[in-house]
Structures are given as structure tokens and as C-alpha cells.
>>> print(open('my_file_14.txt').read())   # compact mmCIF, C-alpha atoms
# COMPACT_ATOMS: atom_id res chain seq x y z
CA MET M 562 120.69 159.25 260.57
CA LEU M 563 121.15 158.41 264.24
CA TYR M 564 121.32 162.14 264.93
CA TYR M 565 117.73 162.58 263.75
CA VAL M 566 116.54 159.48 265.60
CA PHE M 567 117.98 160.69 268.90
CA GLN M 568 116.75 164.22 268.25
CA TYR M 569 113.23 162.82 267.96
CA LEU M 570 113.70 160.74 271.13
CA SER M 571 115.00 163.82 272.93
CA GLU M 572 111.85 165.74 271.97
CA LEU M 573 109.82 162.89 273.47
CA GLY M 574 111.76 163.24 276.70
CA PHE M 575 113.68 159.96 276.37
CA PRO M 576 116.42 159.93 279.07
CA GLY M 577 119.95 160.48 277.73
CA ALA M 578 118.86 161.07 274.14
CA SER M 579 120.00 164.71 274.24
CA VAL M 580 123.63 163.56 274.41
CA PHE M 581 123.61 163.49 270.60
CA GLN M 582 123.31 167.26 270.60
CA TYR M 583 126.89 167.54 271.85
CA ILE M 584 129.58 167.89 269.20
CA SER M 585 132.22 166.34 271.47
CA PHE M 586 130.14 163.18 271.99
CA ARG M 587 129.40 162.70 268.31
CA ALA M 588 133.04 163.40 267.39
CA GLY M 589 134.20 160.74 269.84
CA MET M 590 131.68 158.29 268.43
CA ALA M 591 132.83 159.13 264.88
CA VAL M 592 136.44 158.27 265.73
CA ILE M 593 135.41 154.94 267.26
CA ILE M 594 133.02 153.94 264.45
CA SER M 595 135.43 154.90 261.66
CA LEU M 596 138.35 153.16 263.38
CA LEU M 597 136.36 149.96 263.92
CA THR M 598 134.96 150.09 260.40
CA ALA M 599 138.41 150.36 258.85
CA THR M 600 139.87 147.53 260.92
CA VAL M 601 136.86 145.22 260.55
CA ILE M 602 136.10 145.63 256.84
CA GLY M 603 139.76 146.02 255.95
CA LYS M 604 140.56 142.31 256.06
CA TYR M 605 137.51 141.46 253.95
CA VAL M 606 138.34 144.12 251.36
CA ILE M 607 141.94 142.86 251.20
CA LYS M 608 140.73 139.29 250.61
CA LEU M 609 138.35 140.52 247.90
CA LEU M 610 141.11 142.48 246.18
CA GLN M 611 143.40 139.44 246.34
CA LYS M 612 140.68 137.25 244.91
CA GLN M 613 140.19 139.67 242.04
CA GLN M 614 143.99 139.79 241.60
CA ILE M 615 144.01 143.56 242.04
CA GLY M 616 147.71 143.88 242.84
CA GLU M 617 150.27 146.65 242.63
CA LEU M 618 152.23 146.92 239.39
CA VAL M 619 155.87 147.53 240.34
CA ARG M 620 158.67 148.77 238.10
CA ASP M 621 162.21 147.84 239.08
CA LEU M 622 163.74 151.16 240.15
CA GLY M 623 166.52 149.61 242.17
CA LEU M 624 164.95 150.39 245.54
CA GLU M 625 165.45 148.06 248.46
CA GLY M 626 162.42 145.86 249.14
CA GLN M 627 160.54 147.24 246.14
CA LEU M 628 160.06 144.01 244.22
CA GLN M 629 158.68 142.31 247.34
CA LYS M 630 155.70 144.67 247.10
CA LYS M 631 154.67 143.35 243.73
CA GLY M 632 151.16 141.90 243.87
CA THR M 633 150.21 143.66 247.13
CA PRO M 634 146.51 144.59 246.84
CA THR M 635 145.91 148.20 245.84
CA MET M 636 142.78 150.38 245.63
CA GLY M 637 142.59 150.12 249.43
CA GLY M 638 141.36 153.71 249.48
CA ILE M 639 137.91 152.12 249.31
CA ILE M 640 138.42 151.19 252.98
CA ILE M 641 139.18 154.80 253.90
CA ILE M 642 136.20 156.21 251.98
CA ALA M 643 133.75 153.72 253.50
CA SER M 644 135.13 154.29 256.99
CA ILE M 645 134.66 158.05 256.66
CA LEU M 646 131.20 158.02 255.12
CA LEU M 647 129.60 155.51 257.50
CA PRO M 648 129.97 157.57 260.72
CA VAL M 649 129.28 160.78 258.80
CA LEU M 650 125.95 159.40 257.54
CA LEU M 651 125.09 158.10 261.01
CA LEU M 652 126.14 161.04 263.19
CA ASN M 653 126.12 164.25 261.14
CA GLN M 654 123.31 166.65 260.34
CA LEU M 655 123.03 165.74 256.68
CA ASP M 656 121.33 168.98 255.69
CA ASN M 657 124.37 170.99 256.76
CA ILE M 658 125.99 172.58 253.70
CA TYR M 659 129.52 171.99 254.99
CA VAL M 660 128.84 168.28 255.45
CA ILE M 661 127.25 168.07 251.99
CA LEU M 662 130.34 169.64 250.41
CA MET M 663 132.66 167.26 252.26
CA ILE M 664 130.64 164.22 251.14
CA ILE M 665 130.74 165.50 247.54
CA THR M 666 134.51 165.98 247.85
CA THR M 667 135.02 162.45 249.20
CA LEU M 668 133.01 160.81 246.43
CA TRP M 669 134.31 163.12 243.69
CA MET M 670 138.01 162.64 244.41
CA GLY M 671 137.47 158.97 245.23
CA SER M 672 135.91 158.46 241.79
CA ILE M 673 138.85 160.13 240.02
CA GLY M 674 141.32 157.99 241.98
CA PHE M 675 139.29 154.82 241.43
CA LEU M 676 139.21 155.43 237.68
CA ASP M 677 142.98 155.96 237.68
CA ASP M 678 143.57 152.71 239.61
CA TYR M 679 141.10 150.83 237.42
CA ILE M 680 143.01 151.78 234.26
CA LYS M 681 146.32 150.77 235.86
CA VAL M 682 145.11 147.44 237.24
CA PHE M 683 142.53 146.17 234.77
CA LYS M 684 143.72 147.85 231.58
CA LYS M 685 147.37 147.13 232.48
CA ASN M 686 148.27 150.74 231.67
CA LYS M 687 150.94 151.86 234.14
CA GLU M 688 150.30 155.52 233.32
CA GLY M 689 146.70 155.32 234.55
CA LEU M 690 144.29 158.16 233.94
CA ALA M 691 145.84 160.88 231.79
CA GLY M 692 147.07 163.82 233.83
CA ARG M 693 144.87 166.31 231.97
CA PHE M 694 141.74 164.42 233.00
CA LYS M 695 142.84 164.45 236.64
CA ILE M 696 143.37 168.19 236.42
CA VAL M 697 139.93 168.67 234.85
CA GLY M 698 138.38 166.71 237.73
CA GLN M 699 140.28 168.71 240.37
CA VAL M 700 139.41 172.02 238.71
CA GLY M 701 135.78 170.93 238.46
CA LEU M 702 135.66 170.25 242.20
CA GLY M 703 137.31 173.60 242.87
CA ILE M 704 134.63 175.38 240.84
CA ILE M 705 131.87 173.58 242.77
CA ILE M 706 133.40 174.48 246.14
CA ALA M 707 134.15 178.11 245.27
CA GLY M 708 130.74 178.58 243.63
CA THR M 709 128.93 177.18 246.65
CA LEU M 710 130.90 179.35 249.06
CA TYR M 711 129.87 182.37 247.02
CA LEU M 712 126.23 181.51 246.36
CA ASN M 713 125.01 179.63 249.43
CA PRO M 714 123.49 181.99 252.03
CA ASP M 715 124.31 179.63 254.92
CA ILE M 716 128.06 179.99 254.40
CA VAL M 717 129.13 183.13 256.23
CA VAL M 718 131.89 184.18 258.62
CA ARG M 719 131.89 186.43 261.63
CA ASP M 720 134.69 188.94 261.83
CA ASN M 721 136.29 188.72 265.28
CA SER M 722 139.24 190.90 264.43
CA THR M 723 138.15 193.43 267.01
CA LYS M 724 138.88 192.68 270.67
CA ALA M 725 135.34 191.69 271.46
CA THR M 726 134.64 189.40 274.36
CA ALA M 727 132.76 186.13 274.08
CA ALA M 728 129.92 187.59 276.08
CA MET M 729 129.60 190.44 273.58
CA ILE M 730 129.48 188.09 270.65
CA GLN M 731 126.90 185.87 272.28
CA ALA M 732 124.77 188.92 273.00
CA ASP M 733 125.13 190.08 269.41
CA GLU M 734 123.51 187.20 267.52
CA THR M 735 121.48 189.60 265.39
CA GLY M 736 124.57 191.47 264.17
CA THR M 737 123.66 194.76 265.86
CA ALA M 738 126.17 197.05 267.56
CA ALA M 739 127.53 195.86 270.89
CA VAL M 740 129.20 197.87 273.66
CA ASP M 741 132.52 196.83 275.13
CA ALA M 742 131.98 197.21 278.86
CA VAL M 743 135.71 197.40 279.49
CA ALA M 744 136.86 199.77 276.78
CA GLY M 745 133.58 201.62 276.55
CA SER M 746 133.63 201.57 272.76
CA SER M 747 130.92 200.61 270.28
CA ILE M 748 131.84 197.60 268.07
CA THR M 749 129.85 195.99 265.30
CA VAL M 750 130.24 192.22 265.15
CA LYS M 751 128.22 190.57 262.40
CA ASN M 752 128.04 187.68 259.98
CA VAL M 753 129.38 188.54 256.54
CA LYS M 754 129.53 186.89 253.14
CA ALA M 755 133.08 187.61 252.03
CA PRO M 756 136.20 185.92 250.59
CA ILE M 757 138.07 186.24 253.88
CA THR M 758 140.68 183.78 255.10
CA SER M 759 143.09 183.37 257.99
CA ILE M 760 146.71 184.29 257.36
CA PRO M 761 149.58 183.31 259.69
CA PHE M 762 152.00 185.67 261.44
CA VAL M 763 149.96 188.79 260.59
CA LYS M 764 148.27 191.14 263.04
CA GLY M 765 144.52 190.88 262.60
CA HIS M 766 145.02 187.32 261.35
CA GLN M 767 142.82 187.85 258.29
CA LEU M 768 143.16 188.47 254.60
CA ASP M 769 140.32 189.69 252.41
CA TYR M 770 141.03 188.66 248.83
CA ARG M 771 139.15 191.75 247.67
CA SER M 772 141.81 193.94 249.24
CA LEU M 773 144.29 192.59 246.67
CA ILE M 774 142.21 193.95 243.79
CA PRO M 775 143.07 197.56 242.74
CA ALA M 776 139.46 198.50 242.01
CA ASP M 777 136.30 199.73 243.74
CA GLY M 778 132.68 198.74 244.13
CA GLN M 779 131.16 195.77 242.31
CA LEU M 780 134.27 195.23 240.20
CA GLN M 781 136.39 194.74 243.29
CA GLU M 782 133.75 192.43 244.79
CA GLY M 783 133.52 190.27 241.68
CA LEU M 784 137.25 190.08 241.03
CA GLY M 785 137.90 189.37 244.70
CA TRP M 786 135.66 186.31 244.58
CA LEU M 787 137.24 185.27 241.28
CA LEU M 788 140.70 185.44 242.87
CA PHE M 789 139.40 183.38 245.78
CA ALA M 790 138.03 180.78 243.33
CA LEU M 791 141.41 180.52 241.60
CA VAL M 792 143.11 180.01 244.97
CA VAL M 793 140.58 177.30 245.85
CA ILE M 794 141.25 175.47 242.58
CA PHE M 795 145.01 175.74 243.07
CA ILE M 796 144.86 174.53 246.68
CA ILE M 797 142.74 171.49 245.80
CA THR M 798 144.94 170.55 242.84
CA ALA M 799 148.22 171.05 244.68
CA THR M 800 147.21 169.29 247.90
CA SER M 801 145.63 166.25 246.23
CA ASN M 802 148.65 165.84 243.96
CA GLY M 803 150.97 166.32 246.94
CA ALA M 804 149.24 163.52 248.85
CA ASN M 805 149.48 161.37 245.73
CA MET M 806 153.24 162.00 245.49
CA THR M 807 153.72 161.24 249.19
CA ASP M 808 152.03 157.85 248.87
CA GLY M 809 155.16 155.89 247.99
CA LEU M 810 156.19 154.17 251.22
CA ASP M 811 154.18 151.97 253.57
CA GLY M 812 152.14 154.14 255.92
CA LEU M 813 153.74 157.44 254.87
CA ALA M 814 150.76 159.26 253.36
CA THR M 815 148.34 157.59 255.79
CA GLY M 816 150.21 158.66 258.92
CA CYS M 817 150.82 162.20 257.67
CA SER M 818 147.14 162.55 256.75
CA ALA M 819 146.07 161.42 260.24
CA ILE M 820 148.32 164.08 261.81
CA ILE M 821 147.11 166.79 259.43
CA GLY M 822 143.49 165.75 259.99
CA SER M 823 143.93 166.06 263.76
CA VAL M 824 145.09 169.66 263.44
CA LEU M 825 142.27 170.54 261.04
CA GLY M 826 139.80 169.00 263.50
CA ILE M 827 141.13 171.23 266.29
CA LEU M 828 140.98 174.31 264.05
CA ALA M 829 137.42 173.43 263.02
CA TYR M 830 136.39 173.11 266.65
CA VAL M 831 137.78 176.48 267.75
CA SER M 832 136.45 178.20 264.61
CA SER M 833 132.97 176.85 265.23
CA HIS M 834 132.94 177.77 268.94
CA VAL M 835 132.07 181.41 269.56
CA GLU M 836 134.04 181.75 272.80
CA TYR M 837 137.20 180.04 271.57
CA ALA M 838 137.11 182.02 268.32
CA SER M 839 136.81 185.25 270.29
CA TYR M 840 139.63 184.31 272.69
CA LEU M 841 141.98 183.38 269.83
CA ASN M 842 140.86 186.43 267.86
CA ILE M 843 140.04 184.34 264.78
CA MET M 844 137.00 184.13 262.57
CA TYR M 845 133.93 182.48 264.01
CA ILE M 846 132.26 180.36 261.31
CA PRO M 847 128.56 179.74 262.06
CA ASN M 848 127.09 176.32 261.25
CA SER M 849 130.55 174.75 260.78
CA SER M 850 130.60 172.68 263.97
CA GLU M 851 129.42 169.62 262.00
CA LEU M 852 132.84 169.61 260.32
CA VAL M 853 134.31 168.48 263.64
CA ILE M 854 132.44 165.17 263.33
CA TYR M 855 133.63 164.74 259.74
CA GLY M 856 137.19 165.51 260.84
CA ALA M 857 136.93 162.93 263.62
CA ALA M 858 135.75 160.31 261.11
CA PHE M 859 138.69 161.21 258.87
CA ILE M 860 141.15 160.70 261.74
CA GLY M 861 139.64 157.35 262.73
CA ALA M 862 139.59 156.12 259.12
CA THR M 863 143.24 156.96 258.46
CA ILE M 864 144.43 155.43 261.74
CA GLY M 865 142.30 152.35 261.10
CA PHE M 866 143.72 151.98 257.59
CA LEU M 867 147.22 152.27 259.03
CA TRP M 868 146.54 148.94 260.77
CA TYR M 869 146.92 147.28 257.37
CA ASN M 870 149.04 149.88 255.60
CA ALA M 871 151.92 150.06 258.10
CA TYR M 872 155.19 148.39 257.11
CA PRO M 873 155.09 145.79 255.66
CA ALA M 874 151.84 146.88 254.02
CA GLN M 875 149.09 144.35 253.44
CA VAL M 876 147.28 146.80 251.18
CA PHE M 877 148.04 150.05 249.36
CA MET M 878 145.53 152.89 249.18
CA GLY M 879 146.28 153.61 245.52
CA ASP M 880 145.11 156.81 243.88
CA THR M 881 141.64 155.94 245.17
CA GLY M 882 142.91 156.82 248.63
CA SER M 883 145.69 159.36 248.07
CA LEU M 884 143.73 161.71 245.82
CA THR M 885 140.77 161.45 248.19
CA LEU M 886 142.88 162.25 251.26
CA GLY M 887 144.50 165.25 249.58
CA GLY M 888 141.18 166.56 248.30
CA ILE M 889 139.51 166.20 251.71
CA ILE M 890 142.37 168.02 253.47
CA ALA M 891 142.27 170.86 250.94
CA VAL M 892 138.50 171.37 250.98
CA PHE M 893 138.30 171.00 254.76
CA ALA M 894 140.91 173.76 255.19
CA ILE M 895 139.05 175.96 252.70
CA MET M 896 135.77 175.44 254.59
CA ILE M 897 137.30 176.74 257.84
CA ARG M 898 139.23 179.49 256.02
CA THR M 899 142.71 178.18 256.86
CA GLU M 900 143.89 177.27 253.36
CA LEU M 901 146.89 179.61 253.65
CA LEU M 902 148.14 177.51 256.58
CA LEU M 903 148.42 174.42 254.37
CA PRO M 904 151.97 175.17 253.13
CA ILE M 905 153.03 174.79 256.77
CA LEU M 906 150.66 172.04 257.87
CA CYS M 907 151.10 170.02 254.66
CA GLY M 908 154.81 170.78 254.43
CA ILE M 909 155.58 167.12 253.69
CA PHE M 910 153.19 167.15 250.72
CA LEU M 911 154.67 170.45 249.55
CA VAL M 912 158.28 169.24 249.69
CA GLU M 913 157.41 165.99 247.93
CA ASN M 914 155.71 167.95 245.15
CA LEU M 915 158.58 170.43 244.86
CA SER M 916 161.19 167.66 244.74
CA VAL M 917 159.52 166.22 241.64
CA MET M 918 159.14 169.63 239.98
CA ILE M 919 162.77 170.57 240.72
CA GLN M 920 164.07 167.21 239.54
CA VAL M 921 162.15 167.26 236.26
CA GLY M 922 162.83 170.95 235.62
CA TYR M 923 166.57 170.66 236.27
CA PHE M 924 166.84 167.50 234.17
CA LYS M 925 165.19 169.18 231.18
CA TYR M 926 167.29 172.34 231.60
CA THR M 927 170.62 170.51 231.77
CA LYS M 928 169.68 168.21 228.90
CA LYS M 929 168.94 171.22 226.73
CA LYS M 930 172.07 173.09 227.82
CA TYR M 931 174.64 170.29 228.08
CA GLY M 932 173.08 167.58 225.95
CA GLU M 933 172.79 165.32 228.97
CA GLY M 934 170.20 165.47 231.72
CA ARG M 935 171.45 165.85 235.28
CA ARG M 936 169.68 165.31 238.59
CA ILE M 937 169.68 167.11 241.91
CA PHE M 938 168.20 164.22 243.91
CA ARG M 939 169.16 160.60 243.54
CA MET M 940 165.49 159.98 242.86
CA ALA M 941 162.21 161.83 243.22
CA PRO M 942 159.87 162.14 245.09
CA LEU M 943 162.07 162.96 248.06
CA HIS M 944 161.36 159.81 250.08
CA HIS M 945 162.90 157.72 247.29
CA HIS M 946 166.03 159.91 247.47
CA TYR M 947 166.57 158.73 251.03
CA GLN M 948 165.91 155.14 250.00
CA LYS M 949 168.64 155.47 247.39
CA LYS M 950 170.94 156.68 250.16
CA GLY M 951 170.41 153.36 251.93
CA ILE M 952 168.05 154.44 254.73
CA VAL M 953 165.53 151.70 255.50
CA GLU M 954 161.88 152.35 254.70
CA PRO M 955 160.43 152.28 258.26
CA LYS M 956 163.00 154.83 259.46
CA ILE M 957 162.21 157.21 256.57
CA VAL M 958 158.48 156.95 257.29
CA THR M 959 158.95 157.53 261.03
CA ARG M 960 161.16 160.57 260.45
CA PHE M 961 158.69 162.06 257.99
CA TRP M 962 155.93 161.55 260.57
CA LEU M 963 158.03 163.37 263.18
CA VAL M 964 158.58 166.29 260.81
CA CYS M 965 154.83 166.33 260.11
CA ILE M 966 154.12 166.49 263.87
CA ILE M 967 156.53 169.43 264.23
CA LEU M 968 154.78 171.23 261.35
CA ALA M 969 151.42 170.48 262.97
CA ILE M 970 152.56 172.08 266.23
CA ILE M 971 153.88 175.13 264.36
CA THR M 972 150.53 175.45 262.60
CA LEU M 973 148.67 175.53 265.90
CA VAL M 974 151.16 177.98 267.37
CA THR M 975 150.45 180.43 264.53
CA LEU M 976 147.07 181.04 266.15
CA LYS M 977 148.82 183.11 268.83
CA ILE M 978 151.90 184.37 266.95
CA ARG M 979 151.20 187.41 264.85
>>> encode(input="my_file_14.txt", output="C-alpha cells")
Amino acid sequence: MLYYVFQYLSELGFPGASVFQYISFRAGMAVIISLLTATVIGKYVIKLLQKQQIGELVRDLGLEGQLQKKGTPTMGGIIIIASILLPVLLLNQLDNIYVILMIITTLWMGSIGFLDDYIKVFKKNKEGLAGRFKIVGQVGLGIIIAGTLYLNPDIVVRDNSTKATAAMIQADETGTAAVDAVAGSSITVKNVKAPITSIPFVKGHQLDYRSLIPADGQLQEGLGWLLFALVVIFIITATSNGANMTDGLDGLATGCSAIIGSVLGILAYVSSHVEYASYLNIMYIPNSSELVIYGAAFIGATIGFLWYNAYPAQVFMGDTGSLTLGGIIAVFAIMIRTELLLPILCGIFLVENLSVMIQVGYFKYTKKKYGEGRRIFRMAPLHHHYQKKGIVEPKIVTRFWLVCIILAIITLVTLKIR
């Protein structure tokens, strides 16, 4: 909203009003507003949750310090959602399709998580929302995102796989052929509507899903987009569930999400900047610069929530927060065509997910084969395994953060390693 106010003032010649045209300024403001919003409203939300007796239901699993967490307010994801949406509504161009999709994602996943927490807290059902309904919600969001990417004419990418200079690209806004003054060759650089994504460690740095389909013409086009849609659905489901699994220790999922969000913000900035995209030889994504402001709000909201969620936590995010964080990370990566980097960037989420799958799968296998279920880990998800080994909670969280930072650096390095 403020963006449009200052745009109008700028047209009237009001001094300094044009500063709102700069992505960097609005991104900085988004971090500050979201951070302040989370820290200011956080204490009031916590008091409200305590007043309503919305506390965490804790089962005795024999973990150190676990029973002390009983009654800690949950559903704190409301703080994160509000702290993201406020600066987004104030600072973003709200008619931008990427911003619209991110707002839909935030509210959609937040609603699924809220319903799950509501059933746990108010209906006293520890299982919460049935898993099949969560999956239906995640698949539904995936269909919306994939369908919009396919149908909306404003969502295009510019293939920078050729060694074109930034000057060439800027001179080629209409998509006509440009001449490389150095190499003396004719290169066509244009916006395309295609299921193309970035792929790490590969020369050319791009993967066209249509190239995986052994067909030609319209059949290849249609099946290529269908494959892309299936990948989108899988990424959203896996990442949101991974964030949910990671949310088991004070500050763990929050801190990891802040780190992951910082990397996605950097990737969004370079992908939306024609010169940086050309220099890094990655796809330039027109109209996506508004995602930088959303990413900045996401970073500020998670750091602000960490003020209350750090050990010992005064509030838990619940599924309201964890499913929302995972969904936002997944969709954001899909928007900037870096979803195939998520196994590296979200390595913590991936390992937490795999630890549960391996534990359950091995238990069922050994029970069927030997008549008694056996376990690989002392407890799953993985962070509880280390708790069972006697490592204190703050040390586990800090070490997981450090691993997440290492994975974040590796993710950024992949831009130049191929």
C-alpha cells in the first residue's frame, strides 16, 4: 500500500518519494518492519494464548527437559504469518503475480497448520488433522502453483545459457537477435514460457523438463509441463513436511528457516537482476524482483519469532508455523526456478524426513521378518536421537544451525561450480 502512495507522491515530484522504487530500500524496510512486528506483537499473542490455555500437549518420551515444556503456548505461527504479511502488504506491488502466489501460499499452508493445531489443542486429539487431509491440502496448493506457472502470461524466464553480456541483454528487451561484439556471433536472447529450472553442478545450469519426455511436438510440451507439475507437488509436500519434522526443539526450525530464507533472498535478487543473472550465467526471471521484498519479510519474521522461540521457548510455532514455513520455502524456490537446489539447501529438513522414513520402514521390516521391531536410531526424528544420546538441547540446535549454514554456503557456491 505504501508503495502506491509513494509512487503517487513521486509522480507529483515530492522530494525523496522515488526511494520506494528501489528494491534494496524496500527489502531493508521489510526486514525492519517484520522484525519489529514479531517482537512487538509476540508478547501480546503469547499472553492471549496463555489466557485461552492454548498449551502444548506433551507425551512422556523420556527426553530431558521435555515435561517442562508442557503447557507452553503453541500456535505461535500466527506471529510469523502476521509479521510476513504486514510488510508485504505495505511495501510490495500487490498486483505482481509472484507476490500474489506467495500470499496465497502463506494463507493456504497457515490454514492447514492452524486447523491441525486447533484439533490438537481444542479437541484434545493428539493426532491432529488426519495425514490424508494434509496431503490433499499440499497437493491442492501444488496444483494451483503449477497451473498458474503454466497459464499466466506474466510468468516467463529468459534463457541466459549463452555467454551474452549484460549490455546485450539490456539492449535486447524485445527478444530480437543481438550481436556479441566480442565473439562476433549472433545470439537470440528472449523471454520464454517453459518448464525450465536451474540444476546444480551441470554445464549450462539448466534443465528443461520437456527434454526428459521421449516424445515430440505438443505431446512433449504437455507431458513436460505435467512432469513439472508433479515435481512442484512433490517439492511442496516434502519441504513442508520436512519443516514440520524439524520443529521439535526450541528454535531449531525457526533458525534453519531464517538461514534458508536468506539464501533464497539472495538467489531471488540475482535472478531478478539482468546484469547479475548474465554474469552468473543463470536464468533471468522478469517481474520477480518483488520476491526479494517478500523474502526479506520472511527473514525478519523468523528472526523476530526466534526472540521468543529460542531456548527455553516461551512459545512454539506449532503446525501453524512449521507447515507455513516449509510451504513458503518450497514455493519461493519454485518461483525462482531453484527447486532442485532444495535437497542441498534444506538438507536438515531432508535428513529429518529421511530419519523418520528409515526408522519406520526398518521397524516394520524387522517386525515382519523377526517378529520383533528393531530401530536404527534411538529415536526419530534425528534431533531426538541426539537427545537420547545425552546431548543437551541448545547444543543440538546450535550444531544443526551450523550445518545449515554450511549447506547454505554450498548452495550459493553451486552458482559458479558446474
>>> residues_around(input="my_file_14.txt", residues="region 770-780 of chain M", least_positions_apart="5", cutoff="7 Å", atoms="all atoms listed in the file", output="count of residues only")
5
>>> atom_distance(input="my_file_14.txt", atom1="CA of Trp786 (chain M)", atom2="CA of Tyr711 (chain M)")
7.4 Å
>>> atom_distance(input="my_file_14.txt", atom1="CA of Ser579 (chain M)", atom2="CA of Pro847 (chain M)")
21.2 Å
>>> residues_around(input="my_file_14.txt", residues="Leu650 (chain M)", least_positions_apart="4", cutoff="10 Å", atoms="all atoms listed in the file", output="PDB file with C-alpha atoms, in the coordinates of the input")
ATOM      1  CA  MET M 562     120.690 159.250 260.570  1.00  0.00           C
ATOM      2  CA  LEU M 563     121.150 158.410 264.240  1.00  0.00           C
ATOM      3  CA  TYR M 564     121.320 162.140 264.930  1.00  0.00           C
ATOM      4  CA  ILE M 645     134.660 158.050 256.660  1.00  0.00           C
ATOM      5  CA  LEU M 646     131.200 158.020 255.120  1.00  0.00           C
ATOM      6  CA  GLN M 654     123.310 166.650 260.340  1.00  0.00           C
ATOM      7  CA  LEU M 655     123.030 165.740 256.680  1.00  0.00           C
ATOM      8  CA  VAL M 660     128.840 168.280 255.450  1.00  0.00           C
ATOM      9  CA  ILE M 664     130.640 164.220 251.140  1.00  0.00           C
ATOM     10  CA  TYR M 855     133.630 164.740 259.740  1.00  0.00           C
TER      11      TYR M 855
END
>>> closest_residue(input="my_file_14.txt", among="M:Gly932, M:Gly856, M:Gly882, M:Gly637", to="Val649 (chain M)", atoms="all atoms listed in the file")
M:Gly856
>>> closest_residue(input="my_file_14.txt", among="M:Thr899, M:Thr863, M:Gln614, M:Ser883", to="Leu976 (chain M)", atoms="all atoms listed in the file")
M:Thr899
>>> closest_residue(input="my_file_14.txt", among="M:Ile821, M:Ala829, M:Val853, M:Leu676", to="Tyr583 (chain M)", atoms="only C-alpha atoms")
M:Val853
>>> closest_residue(input="my_file_14.txt", among="M:Leu652, M:Phe586, M:Tyr605, M:Phe924", to="Val566 (chain M)", atoms="only C-alpha atoms")
M:Leu652
>>> atom_distance(input="my_file_14.txt", atom1="CA of Asp769 (chain M)", atom2="CA of Val792 (chain M)")
12.5 Å
>>> residues_around(input="my_file_14.txt", residues="Pro761 (chain M)", least_positions_apart="6", cutoff="12 Å", atoms="all atoms listed in the file", output="list in words")
Gln767, Leu768, Ile843, Arg898, Thr899, Glu900, Leu901, Leu902, Leu903, Pro904, Ile905, Leu906, Ile971, Thr972, Leu973, Val974, Thr975, Leu976, Lys977, Ile978 and Arg979 of chain M
>>> closest_residue(input="my_file_14.txt", among="M:Gln948, M:Thr598, M:Gln568, M:Thr633", to="Pro873 (chain M)", atoms="all atoms listed in the file")
M:Thr633
>>> closest_residue(input="my_file_14.txt", among="M:Ser595, M:Ser585, M:Ser823, M:Gln629", to="Phe893 (chain M)", atoms="only C-alpha atoms")
M:Ser823
